[in-house]
Every structure is written in structure tokens, then in C-alpha cells.
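J.: What follows is target_19.cif, mmCIF, C-alpha atoms and all ligand atoms.
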```cif
data_final
loop_
_atom_site.label_atom_id
_atom_site.label_comp_id
_atom_site.auth_asym_id
_atom_site.auth_seq_id
_atom_site.Cartn_x
_atom_site.Cartn_y
_atom_site.Cartn_z
CA MET A 1 4.17 8.68 19.58
CA THR A 2 7.65 10.21 19.27
CA PHE A 3 9.56 9.16 16.18
CA ASN A 4 12.91 7.53 17.04
CA PRO A 5 15.05 6.80 13.95
CA LYS A 6 16.42 3.24 14.02
CA PRO A 7 20.18 2.53 13.91
CA ASP A 8 21.52 2.42 10.34
CA VAL A 9 23.31 -0.92 10.32
CA CYS A 10 24.57 -0.28 6.77
CA GLN A 11 26.95 2.45 7.91
CA PRO A 12 30.58 1.60 8.79
CA THR A 13 31.49 2.33 12.41
CA GLY A 14 34.98 3.56 11.47
CA THR A 15 36.17 6.08 8.93
CA ALA A 16 36.59 3.74 5.95
CA GLU A 17 33.87 2.74 3.52
CA LEU A 18 33.03 -0.96 3.35
CA PRO A 19 30.88 -1.72 0.30
CA MET A 20 29.55 -5.07 1.46
CA LEU A 21 27.81 -3.35 4.38
CA ASP A 22 25.59 -1.65 1.85
CA ILE A 23 25.08 -4.74 -0.31
CA TYR A 24 24.64 -7.53 2.23
CA MET A 25 23.22 -5.83 5.31
CA PRO A 26 19.96 -4.50 3.77
CA MET A 27 19.19 -8.08 2.71
CA MET A 28 19.86 -9.40 6.24
CA LYS A 29 17.85 -6.60 7.81
CA SER A 30 14.88 -7.29 5.58
CA ALA A 31 15.28 -11.08 6.00
CA ALA A 32 15.25 -10.78 9.80
CA ILE A 33 12.15 -8.57 9.93
CA VAL A 34 10.31 -10.79 7.46
CA ALA A 35 11.33 -13.99 9.32
CA ALA A 36 10.12 -12.47 12.60
CA ALA A 37 6.80 -11.53 10.99
CA ARG A 38 6.37 -15.00 9.45
CA LEU A 39 7.18 -16.71 12.75
CA GLY A 40 4.93 -14.37 14.74
CA VAL A 41 7.76 -13.05 16.95
CA PHE A 42 6.40 -9.47 17.18
CA GLU A 43 2.86 -10.72 17.77
CA ALA A 44 4.10 -13.11 20.51
CA LEU A 45 5.73 -10.14 22.27
CA SER A 46 2.72 -7.85 21.88
CA GLN A 47 1.29 -8.79 25.33
CA GLY A 48 4.64 -8.32 27.15
CA GLY A 49 8.30 -9.32 27.28
CA LEU A 50 9.45 -12.96 26.96
CA ASP A 51 12.79 -14.73 27.27
CA ALA A 52 14.21 -16.76 24.37
CA GLY A 53 12.80 -20.05 25.73
CA GLN A 54 9.28 -18.63 26.04
CA LEU A 55 9.58 -16.97 22.64
CA ALA A 56 10.68 -20.25 21.09
CA GLN A 57 7.71 -22.03 22.64
CA ARG A 58 5.23 -19.38 21.43
CA THR A 59 6.55 -19.31 17.86
CA GLY A 60 7.41 -22.99 17.41
CA ALA A 61 11.04 -21.99 16.70
CA ASP A 62 14.31 -23.38 18.03
CA GLY A 63 15.67 -21.66 21.18
CA LEU A 64 19.09 -20.82 19.74
CA GLY A 65 17.49 -19.82 16.43
CA VAL A 66 15.05 -17.40 17.98
CA ARG A 67 17.70 -15.92 20.32
CA THR A 68 20.04 -15.29 17.37
CA LEU A 69 17.24 -13.65 15.40
CA ALA A 70 16.08 -11.60 18.39
CA ASP A 71 19.60 -10.33 19.11
CA PHE A 72 19.89 -9.03 15.56
CA LEU A 73 16.45 -7.42 15.85
CA VAL A 74 17.69 -5.67 19.03
CA ALA A 75 20.66 -4.29 17.05
CA LEU A 76 18.25 -3.15 14.33
CA GLY A 77 16.09 -1.25 16.82
CA TYR A 78 13.06 -3.55 16.39
CA LEU A 79 13.30 -5.25 19.82
CA LEU A 80 14.58 -4.24 23.24
CA ARG A 81 16.52 -6.55 25.54
CA ASP A 82 16.49 -6.27 29.32
CA GLY A 83 18.56 -9.10 30.86
CA GLU A 84 17.11 -12.27 29.33
CA ALA A 85 13.79 -10.69 28.33
CA TYR A 86 12.99 -9.41 24.84
CA ALA A 87 10.26 -6.85 24.19
CA ASN A 88 8.88 -4.95 21.20
CA THR A 89 9.99 -1.35 20.79
CA ALA A 90 7.12 1.19 20.76
CA SER A 91 7.46 1.44 16.96
CA THR A 92 7.33 -2.36 16.46
CA GLN A 93 4.31 -2.62 18.72
CA ARG A 94 2.63 0.23 16.80
CA TRP A 95 3.33 -0.95 13.24
CA LEU A 96 3.84 -4.72 13.34
CA THR A 97 1.33 -6.20 15.81
CA SER A 98 -2.43 -6.51 16.06
CA ALA A 99 -2.21 -4.61 19.36
CA GLY A 100 -0.90 -1.51 17.55
CA ALA A 101 -2.80 1.07 15.55
CA ILE A 102 -1.84 -0.30 12.12
CA ASP A 103 -0.42 -3.76 11.53
CA TYR A 104 1.95 -3.85 8.54
CA THR A 105 2.64 -7.59 9.00
CA PRO A 106 0.92 -8.23 5.62
CA GLY A 107 3.55 -5.88 4.12
CA ALA A 108 6.30 -8.08 5.58
CA LEU A 109 4.53 -11.20 4.26
CA TRP A 110 4.24 -9.54 0.84
CA THR A 111 7.96 -8.67 0.97
CA TYR A 112 8.65 -12.40 1.41
CA GLU A 113 6.89 -13.00 -1.94
CA ALA A 114 8.54 -9.95 -3.54
CA TRP A 115 12.03 -11.23 -2.69
CA ALA A 116 11.78 -14.27 -4.89
CA MET A 117 10.39 -12.12 -7.68
CA MET A 118 13.04 -9.37 -7.33
CA GLY A 119 15.76 -11.95 -7.90
CA GLN A 120 14.77 -11.55 -11.57
CA LEU A 121 15.11 -7.76 -11.56
CA ASP A 122 18.05 -7.78 -13.96
CA SER A 123 15.92 -9.60 -16.57
CA ALA A 124 13.22 -6.90 -16.36
CA VAL A 125 15.88 -4.20 -16.65
CA LYS A 126 17.38 -5.95 -19.66
CA ALA A 127 13.99 -6.25 -21.35
CA GLY A 128 12.70 -2.85 -20.15
CA ARG A 129 9.49 -4.52 -18.95
CA PRO A 130 8.36 -7.42 -16.76
CA ALA A 131 8.49 -10.97 -18.10
CA GLN A 132 5.10 -11.33 -16.40
CA THR A 133 3.02 -8.57 -14.77
CA LEU A 134 1.95 -8.79 -11.17
CA TRP A 135 -1.67 -9.25 -12.30
CA GLU A 136 -0.65 -12.20 -14.51
CA ARG A 137 1.27 -13.72 -11.59
CA MET A 138 -1.81 -13.30 -9.38
CA SER A 139 -4.02 -15.24 -11.75
CA GLU A 140 -1.44 -18.06 -11.84
CA GLU A 141 -0.74 -18.05 -8.08
CA PRO A 142 -4.09 -17.46 -6.35
CA HIS A 143 -2.63 -16.80 -2.88
CA LEU A 144 -0.92 -13.60 -4.13
CA GLY A 145 -4.09 -11.55 -4.81
CA PRO A 146 -5.58 -11.70 -1.29
CA LEU A 147 -2.11 -11.20 0.26
CA PHE A 148 -1.51 -8.07 -1.85
CA SER A 149 -4.97 -6.76 -0.90
CA ARG A 150 -4.19 -7.25 2.80
CA TYR A 151 -0.93 -5.34 2.28
CA MET A 152 -2.84 -2.52 0.54
CA HIS A 153 -5.35 -2.65 3.41
CA ALA A 154 -2.58 -1.73 5.87
CA PHE A 155 -1.57 1.25 3.71
CA ALA A 156 -5.23 2.25 3.43
CA GLN A 157 -5.66 2.25 7.22
CA ASP A 158 -2.78 4.71 7.40
CA LEU A 159 -4.02 6.92 4.54
CA GLY A 160 -7.74 6.82 5.36
CA PRO A 161 -7.93 9.59 7.97
CA ASP A 162 -6.01 12.02 5.67
CA LEU A 163 -8.32 11.17 2.78
CA VAL A 164 -11.49 11.90 4.70
CA VAL A 165 -10.12 15.15 6.13
CA HIS A 166 -9.03 16.49 2.73
CA THR A 167 -12.00 15.38 0.58
CA PRO A 168 -14.79 18.01 0.67
CA VAL A 169 -17.80 15.67 0.40
CA GLU A 170 -21.05 17.66 0.35
CA PRO A 171 -24.48 16.70 1.76
CA GLY A 172 -25.80 16.41 -1.82
CA HIS A 173 -23.11 13.89 -2.82
CA GLN A 174 -24.70 10.44 -2.86
CA ARG A 175 -22.84 8.02 -5.13
CA LEU A 176 -19.19 7.04 -4.72
CA LEU A 177 -17.14 5.00 -7.20
CA ASP A 178 -13.84 3.49 -5.97
CA LEU A 179 -11.82 2.44 -9.03
CA GLY A 180 -9.18 -0.17 -8.09
CA GLY A 181 -10.80 -0.17 -4.63
CA SER A 182 -9.46 -3.62 -3.68
CA HIS A 183 -10.02 -4.30 0.06
CA GLY A 184 -12.86 -1.73 0.17
CA LEU A 185 -11.53 0.07 3.22
CA HIS A 186 -11.71 3.54 1.66
CA ALA A 187 -15.29 3.07 0.42
CA MET A 188 -16.26 1.79 3.88
CA ARG A 189 -14.60 4.73 5.63
CA PHE A 190 -16.33 7.28 3.39
CA CYS A 191 -19.70 5.57 3.84
CA ARG A 192 -19.31 5.55 7.63
CA HIS A 193 -18.37 9.24 7.65
CA HIS A 194 -21.08 10.32 5.21
CA PRO A 195 -24.31 8.38 5.87
CA GLN A 196 -25.90 9.61 2.61
CA LEU A 197 -23.27 7.80 0.44
CA GLN A 198 -23.73 4.55 -1.52
CA ALA A 199 -20.60 3.06 -3.10
CA VAL A 200 -19.45 0.79 -5.92
CA ILE A 201 -15.97 -0.76 -5.89
CA VAL A 202 -14.45 -1.88 -9.21
CA ASP A 203 -11.30 -4.00 -9.28
CA LEU A 204 -9.78 -7.11 -10.84
CA PRO A 205 -11.28 -10.37 -9.51
CA SER A 206 -7.99 -11.29 -7.75
CA ALA A 207 -8.27 -8.15 -5.57
CA LEU A 208 -11.88 -8.67 -4.51
CA THR A 209 -11.78 -12.17 -2.99
CA ASP A 210 -12.15 -10.97 0.65
CA THR A 211 -13.93 -7.65 0.02
CA PRO A 212 -17.64 -8.66 0.11
CA ALA A 213 -17.03 -10.46 3.44
CA SER A 214 -15.30 -7.37 4.91
CA ILE A 215 -18.17 -5.16 3.76
CA ALA A 216 -20.70 -7.56 5.29
CA ALA A 217 -18.71 -7.68 8.56
CA ALA A 218 -18.88 -3.88 8.66
CA GLY A 219 -22.66 -4.05 8.18
CA LEU A 220 -22.45 -2.07 4.92
CA SER A 221 -23.66 -4.63 2.35
CA GLU A 222 -26.80 -2.57 1.73
CA ARG A 223 -24.72 0.46 0.73
CA ILE A 224 -21.55 -0.91 -0.91
CA SER A 225 -21.32 -3.30 -3.85
CA THR A 226 -18.31 -4.77 -5.64
CA ARG A 227 -17.91 -5.25 -9.37
CA ALA A 228 -15.13 -7.42 -10.80
CA GLY A 229 -13.81 -5.81 -13.93
CA ASN A 230 -10.98 -4.07 -15.72
CA VAL A 231 -10.96 -0.32 -15.16
CA LEU A 232 -9.51 0.10 -18.65
CA ASP A 233 -12.77 -1.24 -20.12
CA LEU A 234 -14.47 1.94 -18.80
CA GLY A 235 -17.73 0.12 -18.01
CA TRP A 236 -18.68 1.54 -14.63
CA GLY A 237 -21.71 3.67 -15.55
CA GLU A 238 -22.47 7.30 -14.70
CA GLY A 239 -24.21 9.63 -12.24
CA TYR A 240 -21.44 9.54 -9.59
CA ASP A 241 -20.63 12.38 -7.16
CA LEU A 242 -17.25 11.15 -5.95
CA VAL A 243 -14.69 9.00 -7.78
CA LEU A 244 -11.61 7.61 -6.00
CA TYR A 245 -8.57 6.75 -8.13
CA LEU A 246 -6.20 5.86 -5.33
CA SER A 247 -2.76 4.43 -6.11
CA VAL A 248 -4.11 3.01 -9.36
CA GLY A 249 -2.71 5.51 -11.89
CA HIS A 250 0.88 4.31 -11.42
CA ASN A 251 -0.27 0.83 -12.50
CA GLN A 252 -1.42 2.13 -15.91
CA GLN A 253 0.19 3.39 -19.09
CA PRO A 254 -0.09 7.17 -19.68
CA GLU A 255 -2.57 6.81 -22.55
CA ASP A 256 -4.77 4.60 -20.35
CA ASN A 257 -4.78 7.18 -17.55
CA ARG A 258 -5.81 9.81 -20.08
CA ARG A 259 -8.74 7.59 -21.23
CA VAL A 260 -9.78 6.63 -17.69
CA ILE A 261 -9.71 10.21 -16.37
CA ALA A 262 -11.72 11.43 -19.38
CA GLU A 263 -14.32 8.72 -18.66
CA ILE A 264 -14.36 9.62 -14.95
CA ALA A 265 -15.21 13.21 -15.94
CA ARG A 266 -18.09 11.93 -18.11
CA SER A 267 -19.40 9.72 -15.30
CA LEU A 268 -19.39 12.49 -12.66
CA ARG A 269 -22.32 14.81 -12.07
CA PRO A 270 -21.53 18.57 -12.26
CA GLY A 271 -19.85 19.58 -8.99
CA GLY A 272 -18.64 16.01 -8.43
CA LEU A 273 -15.12 15.23 -7.22
CA LEU A 274 -12.24 13.10 -8.47
CA VAL A 275 -9.68 12.18 -5.80
CA VAL A 276 -6.34 10.85 -7.02
CA HIS A 277 -3.76 9.47 -4.60
CA ASP A 278 -0.29 8.85 -5.95
CA TYR A 279 3.43 9.23 -5.42
CA LEU A 280 3.99 12.23 -7.70
CA ALA A 281 7.35 12.10 -9.42
CA GLY A 282 9.58 15.14 -8.85
CA THR A 283 12.84 16.09 -10.55
CA PRO A 284 15.33 14.75 -9.65
CA LEU A 285 13.71 11.59 -8.28
CA ASN A 286 14.57 11.02 -4.63
CA ALA A 287 15.60 7.51 -3.49
CA PHE A 288 12.06 6.53 -2.48
CA HIS A 289 10.55 7.55 -5.82
CA ALA A 290 13.40 6.03 -7.83
CA ALA A 291 13.01 2.70 -5.94
CA PHE A 292 9.26 2.73 -6.48
CA ARG A 293 9.75 3.35 -10.21
CA LEU A 294 12.09 0.38 -10.41
CA THR A 295 9.47 -1.74 -8.58
CA LEU A 296 6.83 -0.65 -11.10
CA LEU A 297 9.09 -1.38 -14.09
CA PHE A 298 9.46 -4.88 -12.66
CA GLU A 299 5.88 -5.47 -11.44
CA THR A 300 3.62 -3.81 -13.98
CA GLY A 301 5.83 -2.28 -16.69
CA THR A 302 4.47 1.18 -15.77
CA ARG A 303 5.87 4.19 -13.88
CA THR A 304 4.96 7.04 -11.53
CA TYR A 305 3.67 10.30 -13.04
CA SER A 306 4.30 13.93 -12.23
CA GLU A 307 1.73 16.48 -11.09
CA GLN A 308 2.01 18.09 -14.54
CA GLU A 309 1.12 14.82 -16.27
CA TYR A 310 -1.94 14.30 -14.05
CA ARG A 311 -2.97 17.95 -14.46
CA GLY A 312 -2.72 17.53 -18.24
CA TRP A 313 -5.16 14.58 -18.19
CA ILE A 314 -7.46 16.31 -15.67
CA ASP A 315 -7.55 19.60 -17.63
CA GLU A 316 -8.12 17.80 -20.92
CA ALA A 317 -11.04 15.91 -19.32
CA GLY A 318 -12.71 19.26 -18.56
CA PHE A 319 -12.51 19.48 -14.76
CA SER A 320 -13.00 23.05 -13.51
CA SER A 321 -10.39 23.07 -10.73
CA VAL A 322 -7.68 20.91 -9.17
CA SER A 323 -5.71 21.21 -5.95
CA ARG A 324 -2.74 19.26 -4.55
CA VAL A 325 -2.22 18.10 -0.95
CA ASP A 326 1.15 16.64 0.07
CA LEU A 327 0.82 14.22 3.00
CA ASP A 328 3.15 13.91 5.99
CA PRO A 329 5.53 12.11 5.79
CA LEU A 330 6.09 12.78 2.09
CA GLU A 331 6.54 9.01 1.52
CA LYS A 332 2.79 8.75 2.19
CA GLY A 333 2.21 10.37 -1.21
CA SER A 334 -0.04 13.19 -2.42
CA LEU A 335 -3.67 13.84 -3.27
CA LEU A 336 -4.98 15.65 -6.34
CA ILE A 337 -8.58 16.74 -5.85
CA ALA A 338 -10.40 17.84 -9.01
CA ARG A 339 -13.91 19.24 -9.29
CA ARG A 340 -16.07 18.63 -12.35
C1 LIG B 1 -1.77 -0.20 -5.32
S1 LIG B 1 -3.33 -0.98 -5.24
C2 LIG B 1 -4.33 0.29 -4.47
C3 LIG B 1 -5.58 -0.26 -3.83
C4 LIG B 1 -6.51 0.81 -3.23
N1 LIG B 1 -7.03 1.71 -4.21
C5 LIG B 1 -5.80 1.59 -2.16
O1 LIG B 1 -5.52 2.77 -2.33
O2 LIG B 1 -5.51 0.99 -1.10
C6 LIG B 1 -3.84 -0.88 -6.94
C7 LIG B 1 -5.18 -1.54 -7.17
O3 LIG B 1 -5.58 -1.27 -8.51
C8 LIG B 1 -6.08 -2.45 -9.06
N2 LIG B 1 -5.93 -2.38 -10.52
C9 LIG B 1 -4.79 -2.16 -11.22
N3 LIG B 1 -5.04 -2.17 -12.53
C10 LIG B 1 -6.38 -2.39 -12.67
C11 LIG B 1 -7.25 -2.49 -13.78
N4 LIG B 1 -6.79 -2.38 -15.02
N5 LIG B 1 -8.56 -2.70 -13.55
C12 LIG B 1 -9.04 -2.82 -12.29
N6 LIG B 1 -8.26 -2.72 -11.19
C13 LIG B 1 -6.94 -2.50 -11.38
C14 LIG B 1 -5.26 -3.56 -8.43
O4 LIG B 1 -5.90 -4.81 -8.50
C15 LIG B 1 -5.13 -3.04 -7.01
O5 LIG B 1 -6.21 -3.46 -6.20
#
```
Take the structure in the file and give it back as C-alpha cells.
T.:
Amino acid sequence: MTFNPKPDVCQPTGTAELPMLDIYMPMMKSAAIVAAARLGVFEALSQGGLDAGQLAQRTGADGLGVRTLADFLVALGYLLRDGEAYANTASTQRWLTSAGAIDYTPGALWTYEAWAMMGQLDSAVKAGRPAQTLWERMSEEPHLGPLFSRYMHAFAQDLGPDLVVHTPVEPGHQRLLDLGGSHGLHAMRFCRHHPQLQAVIVDLPSALTDTPASIAAAGLSERISTRAGNVLDLGWGEGYDLVLYLSVGHNQQPEDNRRVIAEIARSLRPGGLLVVHDYLAGTPLNAFHAAFRLTLLFETGTRTYSEQEYRGWIDEAGFSSVSRVDLDPLEKGSLLIARR
């Protein structure tokens, strides 16, 4: 699919700067996409174009309401309008419907939850840490855990093919450990690709609510098990050939990553592999990395780490080699692959 950048509705159309465009418009843009996802507008259009009346009927929304929303989504480059008919753009169809390759609707639904939370960002900045971590919120509000896992599942669908291509699994590798494995999609993908593998997924209970059912639906219950637990307790056993530590390091404090990576090295057989996925901090931080760091300060009171920091922990743990793979686009993050 060709990549067509969407119009930047935060930019003034004349020569003068207008600060409110940059303050108010990102909120309206996000609000419109999230509202459309919650109402099922993109999904309703996934089988073909509809006029505002039909769209209202399909989504249970008011006719004027849905037309006003749809017209803004046209201006944003999320919908097309031909006469009275609205249709998804190729990108919307691809990324925000079940008819596309990867459906990020759970990301939009998560953003709805994140909004209310981010209203308290100034308090976290003032304190230098969250009033309540995301994991604490999840145990108080049980709907958040499964929603977050579904959001991570969408990311994992996108990342999965890169992971399998870049991870040199060998015929003798038999046991996989997926730390913070959540939805289980990565463990399932590796097991499908490498029929000799058996896998264990360790994660917090809030992240594993739907995972056994997904594994069973994939027919992999004989080969993949889940274990509810805290990775920081280091109780996952030994004799593994492949350990995945994917987008989990940025949720931990540096000293905890050092401990976890040392324990991973102890639990791997000689020749075994550690695969880290993360958004490696560069200097200076670009806007994406700086925004993600602010999210982490607010959500977990942690931060992203640089390649040098990871290499320090990996070298100290006694791995014999480590290589870095930057994914395309760069916002997809990087892999560090270390061999014991
Ligand atoms: C950003 S998600 C990544 C999920 C998955 N690895 C992936 O790449 O799609 C981070 C995961 O780490 C888990 N996690 C964070 N801290 C943890 C801890 N101390 N013990 C166990 N799991 C943890 C979270 O519950 C969540 O499922």
C-alpha cells in the first residue's frame, strides 16, 4: 500500500502562527477518531460507502451528528466523500477495521481511557511520578487490563513478522519464555513457525485474562502455558533456549532490568537467545521518544533506555554477543538480540 501522509490540520493556512491550532486541534482530531471508533463508523464503512442516513442507522447515531463527525474525518484524511456517500480511505480500511490487515481500534478505545487519565498529567509532572501506576489502576478497574492487552495485541500483529524474520531460532531450540507476554500472540507466532518449540508466558494476572482462550482457539494449548506472576520475582525456572523481553523493559526501573536480564542469562542454555524489543532512547530525544517518556512517567514512573544501558546489563549478565536491528518505520522500535 502506498503511504499517503494525512493533512496536518494543526498548521495555519496563512502566513501567521495561530497557537490555538496547535493546542485545540490535536484534541479535536483525537476526539473525532476515537468517537468514530467507539461508534463503529469505520467498521460500518468497511463493506462499502454509505450516506449519512445509512451511517446513522448502522451506528445508532443521530443523522446530523454523524454527518458533522464524518465531514471532519474527511478533512482529517480518514474518510472520503463522493457526493452524499462517505467511504474509508485505504489507510483507515487497513488500520482501523476488521477487514484490514491490522485493526488498531483497540488502540483508539485505549486512547479513550488514556484521555481521562492524562488530564492529571500536571500532577505526575509535579510529583515526578504517577499518583497511581497503570498496573494499580488495572487491579482497581478490571476492564482496563483486557483492553490494554487487546491494544498490545494490535501492536504485536504489526511487529510479529519482523520478530520472526530477525530472530535466528535453531532446530535445537525447544523452550521459549515470553516475559510480559500478555496476549500471547508472539509466543503463538513463534510456535507456529517453529514446530519444535514449547512456550511459557509470564505476565501479571490483569494481562492474562483472555490469553488461555486465545491459545486454545489457536489449537496450541498443548504447547503454550501461561503463568500469572511478577517478572521482578524472577521465578520462571531455567533450561530455556529463547527468552522474549518485548516492550517490557521500559516498564521497569533500571536496577530491575539489570536483575531481570542477569536472571534471563542464568535461565538460558548455552547458545540460547534473548530478544529485547524497545524504543531505544537517542540523544537528543525526538518528539516520539520524548512523548513516550512523558507517557511512561505518568503511567508507570519509569522511562525508556538507551542501547548503551541495555548493552551494559546484557554484557554484565555474561552474554557472548549482541546485535541491534532498527525496524521500519523507526517508530516501530528496535530489537536487541543477545546470545548466551
Ligand atoms: C507494553 S506491554 C507489551 C506486551 C507484549 N510483550 C508485547 O510486546 O506485545 C508490557 C507488558 O509487560 C507486562 N508487565 C509489566 N511489568 C510486569 C511485571 N513486573 N511482571 C510481569 N509482567 C509485567 C504488562 O502487564 C504488559 O503485558
J.: With all atoms listed in the file as the atoms that count, which of A:Gly83, A:Pro106, A:Pro146, A:Pro5 lies nearest to ligand LIG 1 (chain B)?
T.: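 That would be A:Pro146, the residue with the smallest distance to ligand LIG 1 (chain B).
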J.: Figure out the distance between atom CA of A:Leu177 and atom CA of A:Met138, please, to one decimal in Å.
T.: 24.0 Å
J.: Please find the residues contacting ligand LIG 1 (chain B) at a distance of at most 6 Å between atoms, with only C-alpha atoms and all ligand atoms counted, and report them as number ranges by chain.
T.: A: 152-153, 156, 180-182, 203-204, 207, 229-232, 246-248, 251
J.: For atom CA of A:Leu335 and atom CA of A:Val276, determine how far apart the two atoms are, in Å to one decimal place.
T.: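 Rounded to one decimal, the two atoms are 5.5 Å apart.
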J.: Counting all atoms listed in the file, which residues have an atom no more than 6 Å from (-16.8, 22.2, -9.2) in the file's coordinates? Please list them as a PyMOL selection string.
T.: chain A and resi 271+320+339-340
J.: In Å, how far is it from atom CA of A:Gly184 to atom CA of A:Ser206?
T.: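 Distance between the two atoms: 13.3 Å.
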J.: Would you please work out which residue, of A:Pro284, A:His186, A:Val202, A:Arg303, is nearest to A:Asp162 when using all atoms listed in the file?
T.: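 Distance minimum relative to A:Asp162 lands on A:His186.
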J.: List as a PyMOL selection string the protein and nucleic acid residues near A:Cys191, meaning an atom at most 12 Å away when all atoms listed in the file are counted, but skip any in the same chain fewer than 6 places from it.
T.: chain A and resi 164+169+173-178+184-185+197-200+215+218-225+242
J.: Taking N, CA and C atoms as the atom set, what does stretch 33-57 of chain A look like once completed, written as a PDB file, keeping the file's coordinate frame?
T.:
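Here's the written file result.pdb:
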```pdb
ATOM      1  N   ILE A  33      13.478  -9.124   9.622  1.00  0.00           N
ATOM      2  CA  ILE A  33      12.150  -8.570   9.930  1.00  0.00           C
ATOM      3  C   ILE A  33      11.062  -9.476   9.343  1.00  0.00           C
ATOM      4  N   VAL A  34      11.298  -9.933   8.115  1.00  0.00           N
ATOM      5  CA  VAL A  34      10.310 -10.790   7.460  1.00  0.00           C
ATOM      6  C   VAL A  34      10.205 -12.135   8.199  1.00  0.00           C
ATOM      7  N   ALA A  35      11.361 -12.704   8.592  1.00  0.00           N
ATOM      8  CA  ALA A  35      11.330 -13.990   9.320  1.00  0.00           C
ATOM      9  C   ALA A  35      10.566 -13.813  10.634  1.00  0.00           C
ATOM     10  N   ALA A  36      10.816 -12.712  11.332  1.00  0.00           N
ATOM     11  CA  ALA A  36      10.120 -12.470  12.600  1.00  0.00           C
ATOM     12  C   ALA A  36       8.615 -12.361  12.369  1.00  0.00           C
ATOM     13  N   ALA A  37       8.231 -11.675  11.285  1.00  0.00           N
ATOM     14  CA  ALA A  37       6.800 -11.530  10.990  1.00  0.00           C
ATOM     15  C   ALA A  37       6.187 -12.891  10.654  1.00  0.00           C
ATOM     16  N   ARG A  38       6.915 -13.685   9.856  1.00  0.00           N
ATOM     17  CA  ARG A  38       6.370 -15.000   9.450  1.00  0.00           C
ATOM     18  C   ARG A  38       6.259 -15.951  10.647  1.00  0.00           C
ATOM     19  N   LEU A  39       7.214 -15.834  11.574  1.00  0.00           N
ATOM     20  CA  LEU A  39       7.180 -16.710  12.750  1.00  0.00           C
ATOM     21  C   LEU A  39       6.217 -16.195  13.829  1.00  0.00           C
ATOM     22  N   GLY A  40       5.822 -14.936  13.727  1.00  0.00           N
ATOM     23  CA  GLY A  40       4.930 -14.370  14.740  1.00  0.00           C
ATOM     24  C   GLY A  40       5.677 -13.878  15.971  1.00  0.00           C
ATOM     25  N   VAL A  41       6.958 -13.498  15.801  1.00  0.00           N
ATOM     26  CA  VAL A  41       7.760 -13.050  16.950  1.00  0.00           C
ATOM     27  C   VAL A  41       7.184 -11.752  17.544  1.00  0.00           C
ATOM     28  N   PHE A  42       6.887 -10.769  16.676  1.00  0.00           N
ATOM     29  CA  PHE A  42       6.400  -9.470  17.180  1.00  0.00           C
ATOM     30  C   PHE A  42       5.029  -9.647  17.846  1.00  0.00           C
ATOM     31  N   GLU A  43       4.198 -10.488  17.218  1.00  0.00           N
ATOM     32  CA  GLU A  43       2.860 -10.720  17.770  1.00  0.00           C
ATOM     33  C   GLU A  43       2.975 -11.407  19.141  1.00  0.00           C
ATOM     34  N   ALA A  44       3.916 -12.386  19.244  1.00  0.00           N
ATOM     35  CA  ALA A  44       4.100 -13.110  20.510  1.00  0.00           C
ATOM     36  C   ALA A  44       4.522 -12.153  21.629  1.00  0.00           C
ATOM     37  N   LEU A  45       5.250 -11.085  21.254  1.00  0.00           N
ATOM     38  CA  LEU A  45       5.730 -10.140  22.270  1.00  0.00           C
ATOM     39  C   LEU A  45       4.743  -8.989  22.518  1.00  0.00           C
ATOM     40  N   SER A  46       3.616  -9.012  21.806  1.00  0.00           N
ATOM     41  CA  SER A  46       2.720  -7.850  21.880  1.00  0.00           C
ATOM     42  C   SER A  46       2.022  -7.738  23.239  1.00  0.00           C
ATOM     43  N   GLN A  47       1.954  -8.865  24.008  1.00  0.00           N
ATOM     44  CA  GLN A  47       1.290  -8.790  25.330  1.00  0.00           C
ATOM     45  C   GLN A  47       2.308  -8.605  26.459  1.00  0.00           C
ATOM     46  N   GLY A  48       3.629  -8.519  26.110  1.00  0.00           N
ATOM     47  CA  GLY A  48       4.640  -8.320  27.150  1.00  0.00           C
ATOM     48  C   GLY A  48       5.917  -9.061  26.815  1.00  0.00           C
ATOM     49  N   GLY A  49       6.979  -8.762  27.561  1.00  0.00           N
ATOM     50  CA  GLY A  49       8.300  -9.320  27.280  1.00  0.00           C
ATOM     51  C   GLY A  49       8.359 -10.837  27.544  1.00  0.00           C
ATOM     52  N   LEU A  50       9.246 -11.514  26.798  1.00  0.00           N
ATOM     53  CA  LEU A  50       9.450 -12.960  26.960  1.00  0.00           C
ATOM     54  C   LEU A  50      10.939 -13.255  26.834  1.00  0.00           C
ATOM     55  N   ASP A  51      11.401 -14.328  27.512  1.00  0.00           N
ATOM     56  CA  ASP A  51      12.790 -14.730  27.270  1.00  0.00           C
ATOM     57  C   ASP A  51      12.844 -15.651  26.043  1.00  0.00           C
ATOM     58  N   ALA A  52      14.062 -16.022  25.634  1.00  0.00           N
ATOM     59  CA  ALA A  52      14.210 -16.760  24.370  1.00  0.00           C
ATOM     60  C   ALA A  52      13.468 -18.102  24.424  1.00  0.00           C
ATOM     61  N   GLY A  53      13.482 -18.753  25.603  1.00  0.00           N
ATOM     62  CA  GLY A  53      12.800 -20.050  25.730  1.00  0.00           C
ATOM     63  C   GLY A  53      11.293 -19.888  25.522  1.00  0.00           C
ATOM     64  N   GLN A  54      10.731 -18.868  26.176  1.00  0.00           N
ATOM     65  CA  GLN A  54       9.280 -18.630  26.040  1.00  0.00           C
ATOM     66  C   GLN A  54       8.921 -18.239  24.598  1.00  0.00           C
ATOM     67  N   LEU A  55       9.820 -17.426  24.017  1.00  0.00           N
ATOM     68  CA  LEU A  55       9.580 -16.970  22.640  1.00  0.00           C
ATOM     69  C   LEU A  55       9.631 -18.153  21.681  1.00  0.00           C
ATOM     70  N   ALA A  56      10.568 -19.062  21.938  1.00  0.00           N
ATOM     71  CA  ALA A  56      10.680 -20.250  21.090  1.00  0.00           C
ATOM     72  C   ALA A  56       9.404 -21.089  21.193  1.00  0.00           C
ATOM     73  N   GLN A  57       8.925 -21.235  22.430  1.00  0.00           N
ATOM     74  CA  GLN A  57       7.710 -22.030  22.640  1.00  0.00           C
ATOM     75  C   GLN A  57       6.511 -21.395  21.924  1.00  0.00           C
TER      76      GLN A  57
END
```
